[in-house]
file run.cif (mmCIF, C-alpha atoms and all ligand atoms)
data_start
#
loop_
_atom_site.label_atom_id
_atom_site.label_comp_id
_atom_site.auth_asym_id
_atom_site.auth_seq_id
_atom_site.Cartn_x
_atom_site.Cartn_y
_atom_site.Cartn_z
CA MET X 9 94.79 79.93 66.22
CA SER X 10 92.22 81.34 68.57
CA ILE X 11 90.29 79.54 71.27
CA HIS X 12 86.56 79.48 71.09
CA ILE X 13 84.78 81.50 73.79
CA ASP X 14 81.04 81.20 73.96
CA PRO X 15 79.42 84.65 73.34
CA LEU X 16 77.49 84.44 76.64
CA GLU X 17 80.71 83.62 78.51
CA ARG X 18 82.48 86.48 76.77
CA LYS X 19 79.69 88.84 77.82
CA TRP X 20 80.09 87.82 81.48
CA MET X 21 83.89 88.14 81.31
CA TRP X 22 83.47 91.77 80.26
CA THR X 23 80.77 92.29 82.91
CA ILE X 24 83.08 90.99 85.68
CA ALA X 25 86.01 93.04 84.36
CA GLY X 26 83.75 96.12 84.36
CA LEU X 27 82.62 95.45 87.94
CA LEU X 28 86.24 95.09 89.10
CA VAL X 29 87.25 98.37 87.50
CA PHE X 30 84.14 100.03 88.96
CA SER X 31 85.00 98.77 92.50
CA TRP X 32 88.60 99.95 92.20
CA ALA X 33 87.41 103.33 90.98
CA ILE X 34 85.13 103.70 94.05
CA ILE X 35 87.95 102.72 96.43
CA ILE X 36 90.43 105.10 94.79
CA TYR X 37 87.87 107.91 94.68
CA TYR X 38 87.06 107.72 98.41
CA ALA X 39 90.68 107.17 99.39
CA ALA X 40 91.50 110.46 97.66
CA LYS X 41 88.36 112.37 98.66
CA ASP X 42 88.09 111.42 102.36
CA ASN X 43 91.73 110.53 103.02
CA VAL X 44 90.79 106.93 103.80
CA ASN X 45 93.95 104.87 103.75
CA PRO X 46 95.75 102.25 105.80
CA PRO X 47 98.12 103.66 108.43
CA SER X 48 101.62 103.35 107.01
CA ASN X 49 103.94 103.92 109.97
CA VAL X 50 106.09 100.92 110.88
CA GLU X 51 108.04 101.51 114.07
CA VAL X 52 108.87 98.90 116.66
CA ILE X 53 108.85 99.33 120.42
CA ASP X 54 109.26 97.03 123.40
CA SER X 55 105.73 96.94 124.79
CA SER X 56 106.85 95.41 128.08
CA LYS X 57 109.13 98.42 128.80
CA LEU X 58 106.82 101.32 127.96
CA HIS X 59 106.97 102.52 131.57
CA LEU X 60 110.78 102.60 131.65
CA ALA X 61 113.10 105.41 130.58
CA SER X 62 115.46 102.96 128.87
CA GLY X 63 114.93 100.52 126.04
CA VAL X 64 113.47 100.97 122.56
CA GLY X 65 111.57 104.23 122.45
CA GLY X 66 113.60 105.75 125.32
CA GLY X 67 110.75 106.55 127.68
CA GLU X 68 108.53 108.21 125.12
CA PHE X 69 105.54 106.38 126.58
CA MET X 70 106.41 106.81 130.27
CA GLU X 71 103.50 108.08 132.35
CA ASP X 72 104.90 111.63 132.60
CA ASN X 73 105.16 111.90 128.81
CA LEU X 74 101.61 110.83 128.06
CA GLY X 75 98.99 113.30 126.94
CA VAL X 76 98.82 116.22 124.55
CA SER X 77 101.89 118.35 123.90
CA GLU X 78 102.72 121.17 121.55
CA ASP X 79 106.21 121.93 120.31
CA LYS X 80 107.61 125.39 119.70
CA ASN X 81 106.45 125.27 116.07
CA GLY X 82 102.86 124.65 117.15
CA ASN X 83 102.75 120.98 116.15
CA VAL X 84 100.37 119.06 118.44
CA THR X 85 101.23 115.48 119.37
CA VAL X 86 99.19 113.05 121.46
CA HIS X 87 101.03 110.26 123.26
CA MET X 88 98.79 107.47 124.48
CA VAL X 89 99.01 104.00 125.89
CA ALA X 90 96.26 101.49 125.21
CA ALA X 91 96.01 98.77 127.82
CA ARG X 92 93.31 96.48 129.10
CA TYR X 93 90.87 98.18 129.56
CA GLY X 94 91.35 101.81 128.78
CA PHE X 95 93.26 104.53 126.99
CA TYR X 96 95.76 106.48 129.07
CA PRO X 97 95.25 109.33 129.60
CA LEU X 98 91.52 108.71 129.63
CA HIS X 99 90.60 112.25 128.59
CA ILE X 100 92.47 114.36 126.07
CA THR X 101 91.79 117.84 124.70
CA VAL X 102 92.95 118.80 121.22
CA PRO X 103 92.32 121.78 118.94
CA ALA X 104 90.03 121.49 115.93
CA HIS X 105 90.99 122.36 112.34
CA LYS X 106 94.70 121.62 112.65
CA PRO X 107 96.72 118.42 112.14
CA ILE X 108 97.09 116.31 115.29
CA LYS X 109 99.70 113.59 115.39
CA PHE X 110 98.75 110.55 117.48
CA ARG X 111 101.40 108.15 118.72
CA ILE X 112 99.85 105.19 120.51
CA ALA X 113 101.41 102.05 121.92
CA SER X 114 99.81 98.97 123.45
CA PHE X 115 100.99 97.82 126.86
CA ASP X 116 99.61 94.30 126.50
CA VAL X 117 97.46 92.86 123.71
CA LEU X 118 96.01 93.95 120.38
CA HIS X 119 93.72 96.98 120.67
CA GLY X 120 92.13 99.37 118.23
CA VAL X 121 91.03 102.96 118.37
CA LEU X 122 88.19 104.61 116.51
CA ILE X 123 86.91 108.16 116.82
CA PRO X 124 83.43 108.67 115.34
CA PHE X 125 82.96 111.40 112.69
CA SER X 126 86.66 111.38 111.84
CA ASN X 127 88.95 109.19 109.76
CA MET X 128 90.75 107.99 112.90
CA ASN X 129 90.60 104.22 113.00
CA THR X 130 93.66 102.08 113.55
CA MET X 131 94.88 98.92 115.18
CA ILE X 132 97.30 99.20 118.09
CA VAL X 133 99.54 96.19 117.77
CA PRO X 134 101.80 95.31 120.70
CA GLY X 135 105.44 95.81 119.69
CA TYR X 136 104.64 98.66 117.28
CA VAL X 137 103.91 102.37 117.56
CA SER X 138 100.66 103.32 115.83
CA GLN X 139 101.08 106.77 114.35
CA ILE X 140 98.28 108.69 112.68
CA THR X 141 98.01 112.34 111.76
CA THR X 142 94.50 113.65 111.32
CA THR X 143 92.56 116.90 111.47
CA PHE X 144 89.27 117.13 113.34
CA GLU X 145 86.70 119.37 111.70
CA ASN X 146 83.90 118.75 114.24
CA GLU X 147 84.21 120.40 117.65
CA GLY X 148 82.73 118.59 120.64
CA ASP X 149 83.26 115.54 122.83
CA PHE X 150 83.73 112.19 121.17
CA PRO X 151 84.56 108.76 122.55
CA LEU X 152 87.72 106.87 121.67
CA ILE X 153 86.48 103.35 121.18
CA CYS X 154 88.51 100.16 121.22
CA ASN X 155 87.38 98.20 118.19
CA GLU X 156 89.57 95.13 118.50
CA TYR X 157 88.35 92.49 120.94
CA CYS X 158 90.95 92.54 123.70
CA GLY X 159 89.40 90.56 126.54
CA GLN X 160 86.44 90.40 128.86
CA GLY X 161 86.46 94.13 129.58
CA HIS X 162 86.65 95.12 125.92
CA ALA X 163 83.13 96.57 125.84
CA TYR X 164 84.12 98.98 128.63
CA MET X 165 87.31 100.14 126.96
CA TYR X 166 86.92 103.71 125.83
CA GLY X 167 88.35 107.15 126.42
CA MET X 168 87.17 110.66 125.62
CA ILE X 169 88.48 113.30 123.26
CA HIS X 170 87.45 116.92 123.65
CA ILE X 171 87.86 118.81 120.41
CA VAL X 172 87.89 122.54 121.15
CA PRO X 173 88.39 125.73 119.14
CA GLU X 174 92.07 126.50 118.75
CA ASP X 175 91.98 129.56 121.03
CA GLN X 176 90.66 127.43 123.91
CA PHE X 177 93.40 124.82 123.59
CA LYS X 178 95.99 124.67 126.35
CA PRO X 179 98.64 121.95 125.94
CA LYS X 180 100.24 120.27 128.90
CA MET X 181 103.36 122.20 129.85
CA GLY X 182 106.84 120.84 130.31
CA VAL X 183 106.78 118.27 127.53
CA LYS X 184 109.15 118.50 124.61
CU CU X 201 89.25 96.19 123.19
#

call {"tool": "encode", "arguments": {"input": "run.cif", "output": "structure tokens", "more": "lines below"}}
Ligand SMILES: [Cu+2]
result
Amino acid sequence: MSIHIDPLERKWMWTIAGLLVFSWAIIIYYAAKDNVNPPSNVEVIDSSKLHLASGVGGGEFMEDNLGVSEDKNGNVTVHMVAARYGFYPLHITVPAHKPIKFRIASFDVLHGVLIPFSNMNTMIVPGYVSQITTTFENEGDFPLICNEYCGQGHAYMYGMIHIVPEDQFKPKMGVK
């Protein structure tokens, strides 16, 4: 026994199925080509104790530990705090053409960070560490823009990233 499907309806069922497959194909293609994907790191932190040496995270986001550091293997990490209304530190300098790991925590409410002409775009949710690793191919100065409405000063919340050739990059000393 088969149910009757009107030929016109059948035609549209196949059309919709085709459109769905086409949309998925576009999403998968660009996810692979441009490395566009949702950030996957899930790591909790006590946002009210970022400034303290104790507690979850163990002082990773204390003021002295913020900024750009390089370990002995040459891996560059940026530690940042997002808080109404700015990114701390406000200016960072990183090398181009090599992977940069960002670890960002919010001190108060939901923020976002977007860097134009890169694939850096993530939410910074209080209580979680936002971790993204990306490589900047364009040298120059770019803003870090908060793209989640966080309060009356949201439109003024931005920082600056200086992307320099690798031989001009000098990490902050004294950070692990
Ligand atoms: Cu904001």

call {"tool": "closest_residue", "arguments": {"input": "run.cif", "among": "X:Ile123, X:Val137, X:Ile36, X:Val117", "to": "X:Gly159", "atoms": "all atoms listed in the file"}}
result
X:Val117

call {"tool": "atom_distance", "arguments": {"input": "run.cif", "atom1": "atom CA of X:Glu71", "atom2": "atom CA of X:His59"}}
result
6.6 Å

call {"tool": "residues_near_ligand", "arguments": {"input": "run.cif", "ligand": "ligand CU 201 (chain X)", "cutoff": "12 Å", "atoms": "all atoms listed in the file", "output": "PyMOL selection string"}}
result
chain X and resi 90-95+114+116-122+131-133+152-167

call {"tool": "residues_around", "arguments": {"input": "run.cif", "residues": "X:Pro97", "least_positions_apart": "2", "cutoff": "8 Å", "atoms": "only C-alpha atoms", "output": "PyMOL selection string"}}
result
chain X and resi 74-75+88-89+95+99-100+167

call {"tool": "write_last_selection", "arguments": {"input": "run.cif", "atoms": "C-alpha atoms", "output": "PDB file, in the coordinates of the input"}}
result
ATOM      1  CA  LEU X  74     101.610 110.830 128.060  1.00  0.00           C
ATOM      2  CA  GLY X  75      98.990 113.300 126.940  1.00  0.00           C
ATOM      3  CA  MET X  88      98.790 107.470 124.480  1.00  0.00           C
ATOM      4  CA  VAL X  89      99.010 104.000 125.890  1.00  0.00           C
ATOM      5  CA  PHE X  95      93.260 104.530 126.990  1.00  0.00           C
ATOM      6  CA  HIS X  99      90.600 112.250 128.590  1.00  0.00           C
ATOM      7  CA  ILE X 100      92.470 114.360 126.070  1.00  0.00           C
ATOM      8  CA  GLY X 167      88.350 107.150 126.420  1.00  0.00           C
TER       9      GLY X 167
END

call {"tool": "atom_distance", "arguments": {"input": "run.cif", "atom1": "atom CA of X:Pro134", "atom2": "atom CA of X:Asp72"}}
result
20.4 Å

call {"tool": "atom_distance", "arguments": {"input": "run.cif", "atom1": "atom CA of X:Phe150", "atom2": "atom CA of X:Val102"}}
result
11.3 Å

call {"tool": "closest_residue", "arguments": {"input": "run.cif", "among": "X:Asn127, X:Asp79, X:Met21, X:Val52", "to": "X:Tyr38", "atoms": "all atoms listed in the file"}}
result
X:Asn127

call {"tool": "closest_residue", "arguments": {"input": "run.cif", "among": "X:Ser10, X:Asn146, X:Asn83, X:Asn49", "to": "X:Phe125", "atoms": "all atoms listed in the file"}}
result
X:Asn146

call {"tool": "closest_residue", "arguments": {"input": "run.cif", "among": "X:Ser56, X:Asn81, X:Thr141, X:Thr130", "to": "X:Lys109", "atoms": "all atoms listed in the file"}}
result
X:Thr141

call {"tool": "residues_near_point", "arguments": {"input": "run.cif", "point": "(90.8, 125.9, 116.2)", "cutoff": "8 Å", "atoms": "all atoms listed in the file", "output": "CSV table (one decimal) with C-alpha atoms, in the frame of the given file"}}
result
chain,number,residue,atom,x,y,z
X,103,PRO,CA,92.3,121.8,118.9
X,104,ALA,CA,90.0,121.5,115.9
X,105,HIS,CA,91.0,122.4,112.3
X,106,LYS,CA,94.7,121.6,112.6
X,172,VAL,CA,87.9,122.5,121.2
X,173,PRO,CA,88.4,125.7,119.1
X,174,GLU,CA,92.1,126.5,118.8
X,175,ASP,CA,92.0,129.6,121.0
X,176,GLN,CA,90.7,127.4,123.9
X,177,PHE,CA,93.4,124.8,123.6

call {"tool": "closest_residue", "arguments": {"input": "run.cif", "among": "X:Ala33, X:Val76, X:Val50, X:Met128", "to": "X:Pro179", "atoms": "all atoms listed in the file"}}
result
X:Val76

call {"tool": "residues_around", "arguments": {"input": "run.cif", "residues": "X:Gly148", "least_positions_apart": "4", "cutoff": "9 Å", "atoms": "all atoms listed in the file", "output": "CSV table (one decimal) with C-alpha atoms, in the coordinates of the input"}}
result
chain,number,residue,atom,x,y,z
X,169,ILE,CA,88.5,113.3,123.3
X,170,HIS,CA,87.4,116.9,123.6
X,171,ILE,CA,87.9,118.8,120.4
X,172,VAL,CA,87.9,122.5,121.2

call {"tool": "decode", "arguments": {"input": "run.cif", "residues": "stretch 60-175 of chain X", "atoms": "C-alpha atoms", "output": "compact mmCIF listing (two decimals), in the first residue's frame"}}
result
# COMPACT_ATOMS: atom_id res chain seq x y z
CA LEU X 60 42.90 36.71 43.15
CA ALA X 61 45.74 34.18 43.20
CA SER X 62 43.48 31.51 44.71
CA GLY X 63 40.30 29.92 43.46
CA VAL X 64 39.43 28.26 40.16
CA GLY X 65 42.04 29.21 37.60
CA GLY X 66 44.70 29.90 40.26
CA GLY X 67 45.49 33.49 39.37
CA GLU X 68 45.85 32.93 35.65
CA PHE X 69 43.89 36.13 35.02
CA MET X 70 45.51 38.28 37.73
CA GLU X 71 46.65 41.67 36.46
CA ASP X 72 50.34 40.68 36.38
CA ASN X 73 49.59 37.67 34.19
CA LEU X 74 47.61 39.53 31.56
CA GLY X 75 49.04 40.26 28.14
CA VAL X 76 51.07 38.39 25.57
CA SER X 77 53.55 35.72 26.63
CA GLU X 78 55.72 33.22 24.84
CA ASP X 79 56.84 29.93 26.33
CA LYS X 80 60.21 28.32 25.76
CA ASN X 81 58.84 26.38 22.78
CA GLY X 82 57.78 29.61 21.08
CA ASN X 83 54.04 29.18 21.66
CA VAL X 84 52.37 32.60 22.00
CA THR X 85 49.46 32.98 24.42
CA VAL X 86 47.33 36.05 25.06
CA HIS X 87 45.62 36.37 28.44
CA MET X 88 42.87 38.96 28.53
CA VAL X 89 40.05 40.10 30.74
CA ALA X 90 36.92 41.59 29.23
CA ALA X 91 35.06 43.89 31.57
CA ARG X 92 32.68 46.78 31.20
CA TYR X 93 33.86 48.63 29.13
CA GLY X 94 37.15 47.47 27.75
CA PHE X 95 39.61 44.69 27.09
CA TYR X 96 42.56 44.45 29.47
CA PRO X 97 45.27 45.00 28.43
CA LEU X 98 43.88 47.52 25.99
CA HIS X 99 46.71 47.11 23.48
CA ILE X 100 48.38 43.85 22.56
CA THR X 101 51.11 43.04 20.05
CA VAL X 102 51.29 39.60 18.44
CA PRO X 103 53.31 38.11 15.58
CA ALA X 104 51.69 37.40 12.22
CA HIS X 105 51.72 34.03 10.44
CA LYS X 106 51.91 31.85 13.55
CA PRO X 107 49.22 30.35 15.80
CA ILE X 108 48.20 32.60 18.70
CA LYS X 109 46.26 31.14 21.58
CA PHE X 110 43.79 33.54 23.20
CA ARG X 111 42.46 32.88 26.69
CA ILE X 112 39.86 35.45 27.68
CA ALA X 113 37.65 35.68 30.75
CA SER X 114 34.85 38.10 31.59
CA PHE X 115 34.97 39.94 34.88
CA ASP X 116 31.28 40.83 34.90
CA VAL X 117 28.69 40.27 32.17
CA LEU X 118 28.47 38.67 28.74
CA HIS X 119 30.88 40.19 26.22
CA GLY X 120 32.10 39.26 22.78
CA VAL X 121 35.26 39.84 20.82
CA LEU X 122 35.67 40.21 17.10
CA ILE X 123 38.80 41.05 15.14
CA PRO X 124 38.11 42.21 11.57
CA PHE X 125 39.82 40.36 8.68
CA SER X 126 40.37 37.28 10.84
CA ASN X 127 38.23 34.35 11.98
CA MET X 128 38.39 35.59 15.59
CA ASN X 129 34.85 36.03 16.84
CA THR X 130 33.66 34.56 20.11
CA MET X 131 31.43 35.19 23.07
CA ILE X 132 33.02 35.74 26.46
CA VAL X 133 30.61 34.23 28.92
CA PRO X 134 31.09 34.97 32.62
CA GLY X 135 32.06 31.78 34.44
CA TYR X 136 33.88 30.31 31.43
CA VAL X 137 37.27 30.75 29.79
CA SER X 138 36.97 31.55 26.08
CA GLN X 139 39.88 29.92 24.30
CA ILE X 140 40.61 30.40 20.62
CA THR X 141 43.70 29.64 18.60
CA THR X 142 44.05 31.54 15.36
CA THR X 143 46.71 32.71 12.93
CA PHE X 144 46.73 36.27 11.62
CA GLU X 145 47.81 36.59 8.01
CA ASN X 146 47.33 40.39 7.75
CA GLU X 147 49.89 42.61 9.46
CA GLY X 148 48.71 45.95 10.83
CA ASP X 149 46.58 47.44 13.60
CA PHE X 150 43.09 46.12 14.09
CA PRO X 151 40.44 46.84 16.71
CA LEU X 152 39.12 44.22 19.09
CA ILE X 153 35.42 44.92 19.12
CA CYS X 154 32.89 43.83 21.71
CA ASN X 155 29.96 42.45 19.75
CA GLU X 156 27.65 41.44 22.58
CA TYR X 157 25.60 44.25 24.08
CA CYS X 158 26.97 44.59 27.61
CA GLY X 159 25.58 47.87 28.89
CA GLN X 160 25.43 51.57 28.22
CA GLY X 161 29.13 51.84 27.38
CA HIS X 162 29.07 48.91 24.97
CA ALA X 163 29.64 51.08 21.88
CA TYR X 164 32.89 52.34 23.45
CA MET X 165 34.21 48.90 24.33
CA TYR X 166 37.15 48.08 22.13
CA GLY X 167 40.84 47.34 22.32
CA MET X 168 43.64 47.27 19.78
CA ILE X 169 45.74 44.46 18.38
CA HIS X 170 49.02 45.19 16.62
CA ILE X 171 49.97 42.37 14.29
CA VAL X 172 53.67 42.64 13.48
CA PRO X 173 56.21 40.59 11.51
CA GLU X 174 57.61 37.81 13.66
CA ASP X 175 61.09 39.36 13.90
